[in-house]
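Student: Contents of target_23.txt (compact mmCIF, C-alpha atoms):
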# COMPACT_ATOMS: atom_id res chain seq x y z
CA MET A 564 4.44 -15.01 2.99
CA LYS A 565 1.42 -16.02 0.90
CA ILE A 566 0.25 -13.47 -1.63
CA MET A 567 -3.37 -12.77 -2.53
CA VAL A 568 -4.38 -10.57 -5.46
CA CYS A 569 -6.85 -7.92 -4.32
CA PRO A 570 -9.15 -6.92 -7.21
CA LEU A 571 -8.76 -3.24 -6.20
CA ASN A 572 -5.13 -3.05 -5.08
CA GLY A 573 -3.27 -5.90 -6.75
CA PRO A 574 -0.94 -8.45 -5.08
CA ARG A 575 -0.63 -8.02 -1.32
CA ASN A 576 0.69 -10.04 1.61
CA ILE A 577 -1.98 -12.36 3.02
CA SER A 578 -1.63 -10.65 6.40
CA GLU A 579 -3.47 -7.64 4.95
CA PHE A 580 -6.61 -9.75 4.41
CA ILE A 581 -9.33 -11.05 6.70
CA TYR A 582 -11.53 -14.05 5.94
CA GLY A 583 -15.24 -13.24 5.83
CA GLY A 584 -16.97 -16.62 5.49
CA GLU A 585 -18.48 -18.57 2.64
CA VAL A 586 -20.60 -16.91 0.00
CA LYS A 587 -24.11 -18.30 0.53
CA ALA A 588 -27.68 -17.33 -0.20
CA HIS A 589 -29.28 -14.91 2.24
CA PRO A 590 -32.33 -16.56 3.95
CA ASP A 591 -34.57 -13.61 3.27
CA ARG A 592 -37.39 -13.74 5.89
CA GLY A 593 -36.50 -17.36 6.59
CA SER A 594 -37.25 -19.42 9.69
CA ASP A 595 -35.11 -19.21 12.83
CA ALA A 596 -33.50 -22.52 11.89
CA GLU A 597 -32.57 -21.19 8.43
CA TRP A 598 -31.11 -18.04 9.99
CA ALA A 599 -29.12 -20.04 12.54
CA ASP A 600 -27.75 -22.16 9.72
CA TYR A 601 -26.84 -19.05 7.73
CA VAL A 602 -25.15 -17.24 10.61
CA PHE A 603 -23.41 -20.04 12.51
CA PHE A 604 -22.69 -22.98 10.19
CA GLU A 605 -20.21 -23.37 7.36
CA GLU A 606 -19.89 -26.10 4.75
CA ASN A 607 -16.12 -26.47 5.21
CA ALA A 608 -15.94 -28.23 1.85
CA ALA A 609 -12.73 -29.88 0.67
CA GLY A 610 -12.12 -28.50 -2.81
CA VAL A 611 -12.93 -25.29 -4.59
CA VAL A 612 -14.93 -22.86 -2.43
CA ARG A 613 -16.21 -19.36 -2.93
CA GLU A 614 -15.53 -17.00 0.00
CA TRP A 615 -15.77 -13.40 1.16
CA TRP A 616 -12.42 -11.74 1.85
CA TYR A 617 -11.65 -8.26 3.16
CA HIS A 618 -8.65 -6.08 2.36
CA ALA A 619 -8.21 -4.23 5.67
CA PRO A 620 -6.18 -1.17 4.53
CA THR A 621 -8.93 -0.21 2.08
CA ALA A 622 -11.97 -1.66 3.90
CA TYR A 623 -12.80 -3.48 0.68
CA TRP A 624 -14.87 -6.70 0.51
CA PHE A 625 -14.47 -8.98 -2.48
CA ILE A 626 -14.90 -12.63 -3.45
CA ALA A 627 -12.19 -15.27 -3.76
CA GLU A 628 -12.37 -18.76 -5.24
CA ARG A 629 -9.92 -20.98 -3.48
CA ASN A 630 -9.03 -24.66 -3.36
CA THR A 631 -8.99 -25.70 0.31
CA VAL A 632 -7.10 -28.90 -0.50
CA THR A 633 -4.20 -27.42 -2.48
CA GLU A 634 -4.36 -23.92 -0.83
CA GLU A 635 -4.36 -22.43 -4.32
CA ILE A 636 -6.18 -19.13 -4.81
CA ILE A 637 -7.87 -19.56 -8.18
CA ARG A 638 -9.51 -16.18 -8.74
CA THR A 639 -10.49 -13.02 -6.89
CA TYR A 640 -13.07 -10.53 -8.12
CA ASP A 641 -15.34 -7.65 -7.16
CA ALA A 642 -18.66 -8.63 -5.54
CA LYS A 643 -20.45 -6.80 -8.38
CA GLU A 644 -19.81 -9.85 -10.56
CA LEU A 645 -22.20 -11.89 -8.41
CA PHE A 646 -24.49 -9.24 -6.94
CA LYS A 647 -25.81 -7.25 -9.85
CA GLU A 648 -28.94 -5.90 -8.20
CA ARG A 649 -29.54 -3.88 -5.09
CA VAL A 650 -30.84 -6.00 -2.16
CA ASP A 651 -33.78 -4.37 -0.46
CA PHE A 652 -33.65 -4.80 3.30
CA ALA A 653 -37.02 -3.08 4.00
CA PRO A 654 -38.81 -4.72 6.97
CA PRO A 655 -41.80 -6.94 6.16
CA PRO A 656 -45.09 -5.04 6.54
CA GLU A 657 -46.47 -7.26 9.34
CA ARG A 658 -43.51 -6.29 11.55
CA GLY A 659 -43.94 -2.57 10.76
CA ASP A 660 -45.21 -0.62 13.78
CA GLY A 661 -44.90 -2.89 16.78
CA MET B 1401 7.20 35.38 13.88
CA ALA B 1402 8.03 32.14 15.63
CA VAL B 1403 5.10 30.34 17.19
CA ALA B 1404 4.78 27.30 19.48
CA PRO B 1405 2.52 24.29 18.80
CA THR B 1406 0.82 24.85 22.15
CA ASP B 1407 -0.36 28.30 20.96
CA PHE B 1408 -2.99 26.41 18.94
CA ARG B 1409 -5.77 24.01 19.81
CA ARG B 1410 -5.03 21.89 16.75
CA ARG B 1411 -1.56 20.38 16.98
CA SER B 1412 0.40 17.90 14.95
CA PRO B 1413 0.25 14.48 16.65
CA VAL B 1414 4.08 14.48 16.65
CA TYR B 1415 4.62 18.05 17.88
CA ARG B 1416 6.46 16.88 21.02
CA GLU B 1417 8.95 14.90 18.93
CA LEU B 1418 9.49 17.94 16.70
CA GLU B 1419 9.96 20.27 19.68
CA ALA B 1420 12.58 17.88 21.06
CA LEU B 1421 14.51 18.27 17.77
CA GLY B 1422 14.62 22.04 18.23
CA ALA B 1423 12.19 22.65 15.37
CA GLU B 1424 11.10 26.13 14.37
CA PHE B 1425 7.35 26.48 13.82
CA ALA B 1426 5.12 28.75 11.75
CA GLU B 1427 1.36 28.95 11.50
CA VAL B 1428 -0.26 26.83 8.78
CA ASN B 1429 -4.03 26.27 8.70
CA GLY B 1430 -4.55 27.27 12.31
CA SER B 1431 -1.87 25.03 13.72
CA ALA B 1432 1.91 25.05 13.95
CA ALA B 1433 3.97 23.35 11.26
CA ALA B 1434 7.71 22.69 11.67
CA ILE B 1435 9.32 24.82 8.98
CA SER B 1436 12.77 23.65 10.03
CA CYS B 1437 14.06 20.90 12.29
CA GLY B 1438 16.94 22.81 13.85
CA ARG B 1439 19.21 23.33 10.84
CA GLU B 1440 19.60 25.92 8.07
CA VAL B 1441 17.20 25.59 5.12
CA ALA B 1442 20.07 24.87 2.69
CA ALA B 1443 21.34 21.99 4.85
CA GLU B 1444 17.85 20.57 5.29
CA THR B 1445 17.15 20.85 1.56
CA GLU B 1446 20.32 18.87 0.89
CA GLN B 1447 19.19 16.34 3.50
CA ALA B 1448 15.78 16.09 1.80
CA ARG B 1449 17.54 15.22 -1.48
CA THR B 1450 19.14 12.14 0.08
CA LEU B 1451 16.58 11.13 2.72
CA GLY B 1452 14.35 13.52 4.64
CA LEU B 1453 11.33 12.95 6.88
CA CYS B 1454 8.89 15.81 7.15
CA ASP B 1455 5.75 16.25 9.21
CA LEU B 1456 2.99 17.42 6.83
CA SER B 1457 0.14 16.97 9.31
CA ALA B 1458 -0.75 20.68 9.30
CA LEU B 1459 -1.44 20.74 5.55
CA ARG B 1460 -4.99 20.74 4.19
CA ARG B 1461 -6.53 17.38 3.29
CA GLY B 1462 -9.93 15.76 3.01
CA GLY B 1463 -11.96 13.61 0.68
CA PHE B 1464 -15.30 12.33 -0.52
CA LYS B 1465 -16.78 8.87 -0.62
CA GLY B 1466 -19.94 7.24 -1.96
CA TRP B 1467 -21.26 5.58 -5.12
CA ARG B 1468 -22.03 8.93 -6.82
CA THR B 1469 -18.73 10.64 -5.93
CA SER B 1470 -17.28 10.69 -9.48
CA GLU B 1471 -20.47 12.08 -10.97
CA TRP B 1472 -20.79 14.74 -8.28
CA LEU B 1473 -17.16 15.84 -8.74
CA ARG B 1474 -17.79 16.19 -12.46
CA GLU B 1475 -20.90 18.30 -11.76
CA GLU B 1476 -18.72 20.55 -9.60
CA GLY B 1477 -16.22 20.91 -12.43
CA VAL B 1478 -13.52 18.63 -11.00
CA GLU B 1479 -12.24 16.10 -13.51
CA VAL B 1480 -10.50 12.99 -12.19
CA ASP B 1481 -9.82 9.93 -14.31
CA ASP B 1482 -11.44 6.62 -13.45
CA GLU B 1483 -8.35 4.58 -12.70
CA SER B 1484 -8.05 3.81 -8.99
CA ASN B 1485 -4.83 4.00 -6.96
CA ARG B 1486 -3.57 6.93 -9.00
CA ALA B 1487 -3.17 10.58 -8.05
CA TYR B 1488 -4.17 13.41 -10.38
CA PRO B 1489 -2.57 16.89 -10.03
CA GLN B 1490 -4.94 19.84 -10.16
CA THR B 1491 -4.37 23.38 -11.42
CA ASP B 1492 -4.63 24.87 -7.89
CA GLY B 1493 -1.70 22.75 -6.67
CA SER B 1494 -3.88 20.14 -4.98
CA LEU B 1495 -3.48 16.45 -5.68
CA ILE B 1496 -6.55 14.24 -5.95
CA ALA B 1497 -5.91 10.55 -5.30
CA ARG B 1498 -8.56 8.11 -6.45
CA LEU B 1499 -8.64 5.41 -3.77
CA SER B 1500 -11.45 3.34 -5.33
CA PRO B 1501 -14.24 3.89 -7.88
CA GLY B 1502 -16.21 5.62 -5.10
CA GLU B 1503 -13.59 7.47 -3.07
CA VAL B 1504 -11.13 10.31 -3.55
CA LEU B 1505 -8.54 11.81 -1.24
CA ILE B 1506 -7.63 15.48 -1.72
CA LEU B 1507 -4.25 16.81 -0.58
CA GLY B 1508 -3.53 20.54 -0.51
CA ASP B 1509 -0.24 22.13 -1.57
CA LEU B 1510 2.81 22.81 0.63
CA SER B 1511 1.49 26.25 1.62
CA GLY B 1512 -1.39 24.50 3.36
CA ALA B 1513 -4.05 25.63 0.88
CA SER B 1514 -6.46 23.67 -1.29
CA ALA B 1515 -8.86 25.86 -3.25
CA ILE B 1516 -10.54 22.74 -4.69
CA LEU B 1517 -11.22 21.23 -1.29
CA GLU B 1518 -12.61 24.55 0.05
CA LYS B 1519 -14.85 24.85 -2.99
CA LEU B 1520 -16.14 21.27 -2.74
CA MET B 1521 -16.74 21.50 1.01
CA ALA B 1522 -18.72 24.72 0.48
CA ALA B 1523 -20.74 23.13 -2.33
CA TRP B 1524 -21.61 19.91 -0.50
CA ASN B 1525 -24.82 19.50 1.47
CA MET B 1526 -27.00 16.55 2.44
CA ALA B 1527 -29.54 17.11 -0.34
CA ALA B 1528 -27.23 17.92 -3.26
CA GLY B 1529 -24.68 15.42 -2.01
CA GLU B 1530 -26.95 12.36 -2.28
CA GLY B 1531 -24.64 9.40 -2.88
CA THR B 1532 -21.47 11.17 -1.76
CA TYR B 1533 -20.30 12.44 1.59
CA PRO B 1534 -17.18 14.16 2.97
CA VAL B 1535 -14.43 12.12 4.61
CA PRO B 1536 -12.57 14.54 6.90
CA ARG B 1537 -8.95 13.51 7.34
CA ALA B 1538 -7.38 16.50 9.10
CA ASP B 1539 -7.65 14.94 12.57
CA THR B 1540 -8.01 11.22 11.88
CA ASN B 1541 -4.89 10.97 9.72
CA CYS B 1542 -1.38 12.19 10.25
CA CYS B 1543 0.65 12.99 7.16
CA PHE B 1544 4.38 12.60 6.63
CA GLY B 1545 6.63 13.31 3.65
CA VAL B 1546 9.48 10.93 2.87
CA THR B 1547 11.83 12.44 0.28
CA GLY B 1548 15.12 11.76 -1.42
CA ARG B 1549 16.92 9.14 -3.45
CA PHE B 1550 17.00 6.59 -0.61
CA ALA B 1551 13.26 6.87 0.14
CA GLY B 1552 12.35 3.83 -1.97
CA ALA B 1553 15.03 1.67 -0.35
CA MET B 1554 13.91 2.82 3.09
CA PHE B 1555 10.29 1.83 2.41
CA ALA B 1556 11.46 -1.68 1.49
CA LYS B 1557 12.16 -2.15 5.21
CA LEU B 1558 8.63 -1.14 6.22
CA CYS B 1559 6.29 -2.21 3.48
CA GLY B 1560 5.52 -5.28 1.34
CA VAL B 1561 4.68 -3.28 -1.78
CA ASP B 1562 7.66 -2.48 -4.00
CA LEU B 1563 7.82 1.32 -3.87
CA ARG B 1564 11.20 1.70 -5.50
CA PRO B 1565 11.03 4.43 -8.18
CA GLU B 1566 11.79 2.04 -11.05
CA LYS B 1567 8.78 -0.11 -10.04
CA PHE B 1568 6.39 2.48 -8.63
CA ALA B 1569 5.84 5.38 -11.01
CA ASN B 1570 5.24 8.97 -10.01
CA ARG B 1571 1.63 9.56 -8.84
CA LEU B 1572 0.86 5.93 -8.12
CA VAL B 1573 -0.96 5.21 -4.87
CA ALA B 1574 -0.52 2.18 -2.59
CA GLN B 1575 -3.01 1.40 0.15
CA THR B 1576 -1.26 -1.17 2.25
CA SER B 1577 0.36 -2.09 5.53
CA ILE B 1578 3.37 0.08 6.47
CA ALA B 1579 5.28 -0.88 9.63
CA ARG B 1580 2.20 -3.03 10.41
CA LEU B 1581 -0.14 -0.04 10.28
CA ASN B 1582 -2.68 0.45 7.52
CA GLY B 1583 -1.88 3.51 5.50
CA ILE B 1584 -1.80 5.26 2.14
CA VAL B 1585 1.43 6.00 0.28
CA ILE B 1586 1.35 8.39 -2.66
CA ARG B 1587 4.39 9.02 -4.82
CA ALA B 1588 4.38 12.72 -5.65
CA ASP B 1589 7.86 13.84 -6.66
CA LEU B 1590 8.96 17.37 -5.74
CA GLY B 1591 10.71 18.76 -8.81
CA GLU B 1592 13.43 16.23 -9.58
CA THR B 1593 13.39 14.72 -6.09
CA LEU B 1594 11.74 11.38 -5.36
CA SER B 1595 9.02 12.00 -2.78
CA TYR B 1596 6.29 10.02 -1.06
CA THR B 1597 3.41 11.22 1.09
CA LEU B 1598 2.33 8.81 3.81
CA LEU B 1599 -1.02 9.01 5.59
CA THR B 1600 -1.90 6.83 8.54
CA ASP B 1601 -3.94 6.81 11.73
CA SER B 1602 -3.13 9.91 13.79
CA ALA B 1603 -3.48 7.99 17.07
CA SER B 1604 -0.43 5.94 16.04
CA ALA B 1605 1.53 8.90 14.65
CA SER B 1606 4.27 8.80 17.28
CA TYR B 1607 4.79 5.10 16.62
CA MET B 1608 5.00 5.66 12.85
CA TRP B 1609 7.31 8.66 13.23
CA GLY B 1610 9.61 6.52 15.39
CA CYS B 1611 9.54 3.71 12.80
CA LEU B 1612 10.45 6.15 10.02
CA ILE B 1613 13.32 7.68 12.03
CA ASP B 1614 14.60 4.20 12.84
CA ALA B 1615 14.33 2.95 9.23
CA ALA B 1616 15.96 6.12 7.86
CA ASP B 1617 18.97 5.90 10.17
CA GLU B 1618 20.67 3.27 7.98
CA PHE B 1619 20.64 5.73 5.04
CA ALA B 1620 21.66 8.76 7.17
CA GLY B 1621 18.10 10.07 6.87
CA ALA B 1622 16.91 12.80 9.23
CA PRO B 1623 13.88 15.00 9.92
CA VAL B 1624 13.55 18.17 7.88
CA GLY B 1625 11.17 21.13 7.99
CA LEU B 1626 8.49 22.16 5.54
CA ASP B 1627 10.74 24.88 4.05
CA ALA B 1628 13.12 22.22 2.69
CA LEU B 1629 10.27 20.54 0.80
CA ARG B 1630 9.05 23.90 -0.48
CA LYS B 1631 12.57 24.52 -1.86
CA LEU B 1632 12.56 21.17 -3.65
CA ALA B 1633 9.16 21.90 -5.16
CA GLU B 1634 10.40 25.25 -6.58
CA ARG B 1635 12.89 23.68 -8.94
Represent the supplied structure as structure tokens.
Tutor:
Amino acid sequence: MKIMVCPLNGPRNISEFIYGGEVKAHPDRGSDAEWADYVFFEENAAGVVREWWYHAPTAYWFIAERNTVTEEIIRTYDAKELFKERVDFAPPPERGDG
Amino acid sequence: MAVAPTDFRRRSPVYRELEALGAEFAEVNGSAAAISCGREVAAETEQARTLGLCDLSALRRGGFKGWRTSEWLREEGVEVDDESNRAYPQTDGSLIARLSPGEVLILGDLSGASAILEKLMAAWNMAAGEGTYPVPRADTNCCFGVTGRFAGAMFAKLCGVDLRPEKFANRLVAQTSIARLNGIVIRADLGETLSYTLLTDSASASYMWGCLIDAADEFAGAPVGLDALRKLAER
């Protein structure tokens, strides 16, 4: 079985993890086309990619850097390393009271 | 006085399996706990030293989660170190397991009490508890004890994490897949006896109990009552 190193729990069988998609910029208040691209399309790059992964027994999301050609997992780390500030999801004022 | 699990509204999720073993029950926390599984305490204590399986579902447990949990615990006078996946014994007999920087699990003692958990539950409210909230585990999780010198070898059949005592020190915590179910394993030795506490989804308790019985068979493991574990903890 493949082993992935969870930043919280250490080495675990790959069957304990669930893939969560590529890490990409959130299209904050973007167009419908930008949102569709964000939600439905992936780059599927050959080479080193940065992805969200989930350790199911602890409900813990983290980030993994992985080479899709060699299947090597290069590094895993807590999402805090990339997301240092709180993201404000407050609705835009023009959509306030409908 | 002997009681039956059906005397109470709250029942262990494996009470039928325990009844079928001829278990003797006593009231713990408003439900019936198997204090023996059909044998004398001395025999069950000896069993628990080699490999015993014990239903601990009636014992007190709970927890808190949220980004401000550590700070709030400190404000309430409960000190728990920062290292995750470790369990910290408390003066009242409770064990606090840190599951992540923002979550703790609190297990009461073998009598079924946890003064710390009662105190924290009484102190918590929506306003004061901003950034932390209770995680009740009494009904969502079942809880089993696996004790004795073959417990580590038995877990090797069920779990990918190496839980053998020479690799997995006392009071370490593993959150992992056990018999293909997500669960929490805490090593908390009873006196000199190797002992693990296993928590998993209560809806799958019968399945897990069956897996444990099956895995223990190879090592002549058998179910034991709560009194056997209390004996081990005395020494």
Student: Which one is closest to chain B: A:Asn607, A:Thr621, A:Thr639, A:Thr631? Count all atoms listed in the file.
Tutor: A:Thr621
Student: Just to confirm, what's the straight-line distance from CA of Ala642 in chain A to CA of Trp624 in chain A in Å (one decimal)?
Tutor: 7.4 Å
Student: For the point (-3.1, 2.4, -1.6) in the file's frame, write as a list in words all residues with an atom no more than 7 Å away, counting all atoms listed in the file.
Tutor: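 The answer, in the requested form, is Asn572 of chain A; Asn1485, Leu1499, Val1573, Ala1574, Gln1575, Thr1576, Ile1584 and Val1585 of chain B.
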Student: For chain A versus chain B, which residues have an atom no more than 9 Å away, and what is each residue's nearest atom pair and distance in Å rounded to one decimal, using all atoms listed in the file, chain-then-number order, as a tab-separated table?
Tutor:
residue	atom	partner	partner_atom	distance
A:Leu571	CA	B:Ser1500	CA	7.2
A:Asn572	CA	B:Gln1575	CA	7.2
A:Pro574	CA	B:Val1561	CA	8.3
A:Arg575	CA	B:Val1561	CA	7.1
A:Asn576	CA	B:Gly1560	CA	6.8
A:Ser578	CA	B:Ser1577	CA	8.8
A:Glu579	CA	B:Ser1577	CA	6.8
A:His618	CA	B:Thr1576	CA	8.9
A:Ala619	CA	B:Asn1582	CA	7.5
A:Pro620	CA	B:Asn1582	CA	4.9
A:Thr621	CA	B:Gln1575	CA	6.4
Student: Would you kindly return, as a list of chain:residue names, each protein, DNA or RNA residue with an atom no farther than 10 Å from any atom of Trp616 in chain A, considering all atoms listed in the file and excluding same-chain residues fewer than 4 positions away?
Tutor: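 Here the answer would be A:Cys569, A:Phe580, A:Ile581, A:Tyr582, A:Gly583, A:Gly584, A:Glu585, A:Val586, A:Tyr623, A:Trp624, A:Phe625, A:Ile626, A:Ala627, A:Glu628, A:Thr639.
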Student: Could you work out how far CA of Gly1452 in chain B lies from CA of Ala1622 in chain B, giving the answer in Å with one decimal?
Tutor: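 Result for CA of Ala1622 in chain B versus CA of Gly1452 in chain B: 5.3 Å, one decimal.
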Student: Give the answer as one residue: which of A:Met567, A:Val611, A:Val602, A:Glu597 has the shortest atom-to-atom distance to Thr633 in chain A, using all atoms listed in the file?
Tutor: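 Going through A:Met567, A:Val611, A:Val602, A:Glu597 one by one, the smallest distance to Thr633 in chain A is for A:Val611.
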Student: Could you please determine the separation between CA of Arg638 in chain A and CA of Gly573 in chain A in Å, to one decimal place?
Tutor: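 CA of Gly573 in chain A lies at a distance of 12.2 Å from CA of Arg638 in chain A.
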Student: From the list B:Phe1464, B:Phe1408, B:Tyr1607, B:Tyr1596, which residue is nearest Val1504 in chain B when using all atoms listed in the file?
Tutor: B:Phe1464
Student: Show me, as a VMD selection string, the residues that have an atom within 12 Å of Asn1525 in chain B when counting only C-alpha atoms, minus same-chain residues fewer than 6 positions from it.
Tutor: chain B and resid 1472 1531 to 1534
Student: Emit as JSON the padded axis-aligned box for all listed atoms of range 599-602 of chain A, 3 Å per side, with centre and edge lengths in Å to one decimal.
Tutor:
{"center_x": -27.1, "center_y": -19.7, "center_z": 10.1, "size_x": 10.0, "size_y": 10.9, "size_z": 10.8}
Student: Give me the residues within 12 Å of Ala1497 in chain B as a JSON list (two decimals) with C-alpha atoms, in the coordinates of the input, counting all atoms listed in the file and dropping any in the same chain fewer than 5 places off.
Tutor:
[["chain", "number", "residue", "atom", "x", "y", "z"],
["B", 1461, "ARG", "CA", -6.53, 17.38, 3.29],
["B", 1462, "GLY", "CA", -9.93, 15.76, 3.01],
["B", 1463, "GLY", "CA", -11.96, 13.61, 0.68],
["B", 1464, "PHE", "CA", -15.30, 12.33, -0.52],
["B", 1465, "LYS", "CA", -16.78, 8.87, -0.62],
["B", 1479, "GLU", "CA", -12.24, 16.10, -13.51],
["B", 1480, "VAL", "CA", -10.50, 12.99, -12.19],
["B", 1481, "ASP", "CA", -9.82, 9.93, -14.31],
["B", 1482, "ASP", "CA", -11.44, 6.62, -13.45],
["B", 1483, "GLU", "CA", -8.35, 4.58, -12.70],
["B", 1484, "SER", "CA", -8.05, 3.81, -8.99],
["B", 1485, "ASN", "CA", -4.83, 4.00, -6.96],
["B", 1486, "ARG", "CA", -3.57, 6.93, -9.00],
["B", 1487, "ALA", "CA", -3.17, 10.58, -8.05],
["B", 1488, "TYR", "CA", -4.17, 13.41, -10.38],
["B", 1489, "PRO", "CA", -2.57, 16.89, -10.03],
["B", 1490, "GLN", "CA", -4.94, 19.84, -10.16],
["B", 1502, "GLY", "CA", -16.21, 5.62, -5.10],
["B", 1503, "GLU", "CA", -13.59, 7.47, -3.07],
["B", 1504, "VAL", "CA", -11.13, 10.31, -3.55],
["B", 1505, "LEU", "CA", -8.54, 11.81, -1.24],
["B", 1506, "ILE", "CA", -7.63, 15.48, -1.72],
["B", 1507, "LEU", "CA", -4.25, 16.81, -0.58],
["B", 1508, "GLY", "CA", -3.53, 20.54, -0.51],
["B", 1571, "ARG", "CA", 1.63, 9.56, -8.84],
["B", 1572, "LEU", "CA", 0.86, 5.93, -8.12],
["B", 1573, "VAL", "CA", -0.96, 5.21, -4.87],
["B", 1574, "ALA", "CA", -0.52, 2.18, -2.59],
["B", 1575, "GLN", "CA", -3.01, 1.40, 0.15],
["B", 1584, "ILE", "CA", -1.80, 5.26, 2.14],
["B", 1585, "VAL", "CA", 1.43, 6.00, 0.28],
["B", 1586, "ILE", "CA", 1.35, 8.39, -2.66],
["B", 1587, "ARG", "CA", 4.39, 9.02, -4.82],
["B", 1588, "ALA", "CA", 4.38, 12.72, -5.65],
["B", 1597, "THR", "CA", 3.41, 11.22, 1.09]]
Student: For Ala1442 in chain B, please output as a PyMOL selection string all residues within 12 Å (counting all atoms listed in the file; exclusion window: fewer than 6 positions along the same chain).
Tutor: chain B and resi 1436+1448-1449+1624-1625+1627-1632
Student: Could you list, as a list in words, every residue within 10 Å of Val1414 in chain B, counting all atoms listed in the file and ignoring same-chain residues fewer than 3 positions away?
Tutor: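 Near Val1414 in chain B, the qualifying residues are Arg1411, Glu1417, Leu1418, Glu1419, Asp1455, Ser1457, Cys1542, Ser1602, Ala1603, Ser1604, Ala1605, Ser1606, Tyr1607, Met1608, Trp1609 and Gly1610 of chain B.
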Student: Using all atoms listed in the file, can you tell me which of A:Gly610, A:Pro570, A:Arg629, A:Glu605 comes closest to Asp641 in chain A?
Tutor: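 Ranked by minimum distance to Asp641 in chain A, first place goes to A:Pro570.
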Student: Looking at only C-alpha atoms, which of A:Lys587, A:Glu648, A:Met564, A:Lys643 is the one that sits closest to Glu614 in chain A?
Tutor: A:Lys587
